[in-house]
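Worksheet: one structure, shown below.
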Amino acid sequence: MESLKISNNQITLVDQVEKRLLEYFNSNNFRPGSTLPTEQKLSEALGVARSVLREALSRLKMVGMIETRTRRGMVMSEPSILGSMKRGLIPSMLSDQTMFDVLGFRIALEIGISSDIFYNITPRDIQELEEIVRLSEVSENNEYGIISEFSFHNKLYQIVDNKSISEFQNIIRDVMVYIKHKFNEYFYDIAVELGKESKHVTHKDLLELIKAGDVEGYKKAIERHFEIYKIFLRNRNAERIE
């Protein structure tokens, strides 16, 4: 096996080993299913103790890049694009700005998939959306409960048949719950004002546009549906700048 010797620098030895392994996998065109050299061969090629190698390998296993199979040893596997994000996304450890960025990304993503919903939706999907809307819980200010909100929008993500989008929705659920709880008073005040102006767009409104096949109407409506979050983000950004 080729030498994978690492050089002396300021990052930790485990970090260097991880980086060198990734370079080795890439340069040798490893693909999911490819069998990796044994720990002994890798540690010898790298010139490090097997304990160091194992720590670096464990990081790659955590993100799903490597798995161990009976009688085959270590093999490459397709990592989850958002796997590491899922493990490290603890809402209470995020700064407010990071949470706001996640919220903004979620809004942009949902608006971006609008057309794909109409291309992919089936009569069965419409029936399921109708059932979700029927069972939805709505507050006096037309705000949806977490379960109702999640169920409706998660179904829209499923309709576009993009696993990464659906995975992202599941990952950020706890962040959304945390944001709503932490900034509840802000959202309440905005919801009251939107109610006075009759600017609320409900899940039922969105569903009716989907059933009518009105793509452009839906795009405008989904933006209004998220208006409470957009106003919140604009206000918070203005406060930060001041």
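Following the order of the structure tokens, chains are lettered A, B, ..., residues in each are numbered from 1, and ligands are numbered from 1.
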
In segment 73-204 of chain A, DSSP strand (DSSP E) residues written as a PyMOL selection string: chain A and resi 73-76

Restrict the selected residues to N, CA and C atoms and save them as a CSV table (one decimal), in the first residue's frame.
```csv
chain,number,residue,atom,x,y,z
A,73,GLY,N,-15.0,-6.5,6.4
A,73,GLY,CA,-14.3,-5.5,7.1
A,73,GLY,C,-14.9,-4.1,6.8
A,74,MET,N,-14.0,-3.1,6.7
A,74,MET,CA,-14.5,-1.8,6.4
A,74,MET,C,-14.8,-1.5,4.9
A,75,VAL,N,-15.9,-1.0,4.7
A,75,VAL,CA,-16.3,-0.6,3.3
A,75,VAL,C,-16.8,0.8,3.2
A,76,MET,N,-16.7,1.4,2.1
A,76,MET,CA,-17.2,2.8,1.9
A,76,MET,C,-18.7,2.7,1.8
```

Contact residues around segment 212-218 of chain A with only C-alpha atoms at 8 Å, ignoring same-chain residues under 6 positions, as number ranges by chain: A: 114-115, 118, 206

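Distance check against Gln16 of chain A using only C-alpha atoms: of A:Glu55, A:Glu239, A:Asp189, A:Glu78, the minimum falls on A:Glu55.
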
Step one, run DSSP on the backbone; step two, keep only residues of segment 71-174 of chain A assigned to alpha helix (DSSP H); then write them as a PyMOL selection string. chain A and resi 83-88+96-112+114-120+123-134+146-159+163-174

Closest of A:Gly112, A:Ser34, A:Ile190, A:Val160 to Arg234 of chain A - atom-to-atom distances counting only C-alpha atoms: A:Ile190

Quick one: residues within 9 Å of Ile121 of chain A, only C-alpha atoms counted, chain neighbours fewer than 3 positions away excluded, as an NGL selection string? :A and (116-118 or 124-126 or 156 or 159-160 or 210)

So how far away is atom CA of Val63 of chain A from atom CA of Ile172 of chain A, in Å? 17.6 Å

Do a neighbour search on segment 134-136 of chain A at 6 Å with only C-alpha atoms, toss out local chain neighbours closer than 2 positions, and write the hits as JSON, numbers by chain. {"A": [131, 132, 148]}

For Thr122 of chain A, which of A:Ser43, A:Gln158, A:Leu103, A:Asp205 is the closest residue, counting only C-alpha atoms? A:Gln158

Extract, using only C-alpha atoms, all DNA, RNA and protein residues at most 10 Å from segment 221-228 of chain A, discarding same-chain residues fewer than 3 positions from it, and format them as a ChimeraX atom specification. /A:107-108,110-111,114,143,186-194,199-203,205-206,209,215-218,231-233

Keeping only C-alpha atoms, write the selected residues as a compact mmCIF listing (two decimals), in the first residue's frame.
```
# COMPACT_ATOMS: atom_id res chain seq x y z
CA ILE A 107 -38.47 29.80 4.01
CA ALA A 108 -36.37 30.16 0.85
CA GLU A 110 -40.09 26.04 0.69
CA ILE A 111 -40.78 28.86 -1.74
CA SER A 114 -43.40 25.53 -5.26
CA GLU A 143 -51.20 30.20 14.12
CA TYR A 186 -42.76 38.57 19.09
CA PHE A 187 -44.70 36.12 16.91
CA TYR A 188 -47.90 36.78 18.83
CA ASP A 189 -47.71 40.54 18.25
CA ILE A 190 -46.98 40.08 14.54
CA ALA A 191 -49.84 37.57 14.19
CA VAL A 192 -52.26 40.04 15.79
CA GLU A 193 -51.25 42.77 13.33
CA LEU A 194 -51.50 40.44 10.34
CA LYS A 199 -53.19 38.84 5.59
CA HIS A 200 -53.21 35.33 6.96
CA VAL A 201 -52.86 32.53 4.41
CA THR A 202 -53.90 29.19 5.87
CA HIS A 203 -53.00 25.64 4.93
CA ASP A 205 -55.90 28.34 1.29
CA LEU A 206 -52.68 26.75 0.02
CA LEU A 209 -54.62 26.65 -4.88
CA VAL A 215 -48.91 27.64 -9.63
CA GLU A 216 -48.45 31.41 -9.67
CA GLY A 217 -51.22 31.95 -7.13
CA TYR A 218 -49.61 29.37 -4.86
CA ILE A 231 -41.48 40.24 9.35
CA PHE A 232 -39.87 38.73 12.43
CA LEU A 233 -36.53 38.27 10.63
```
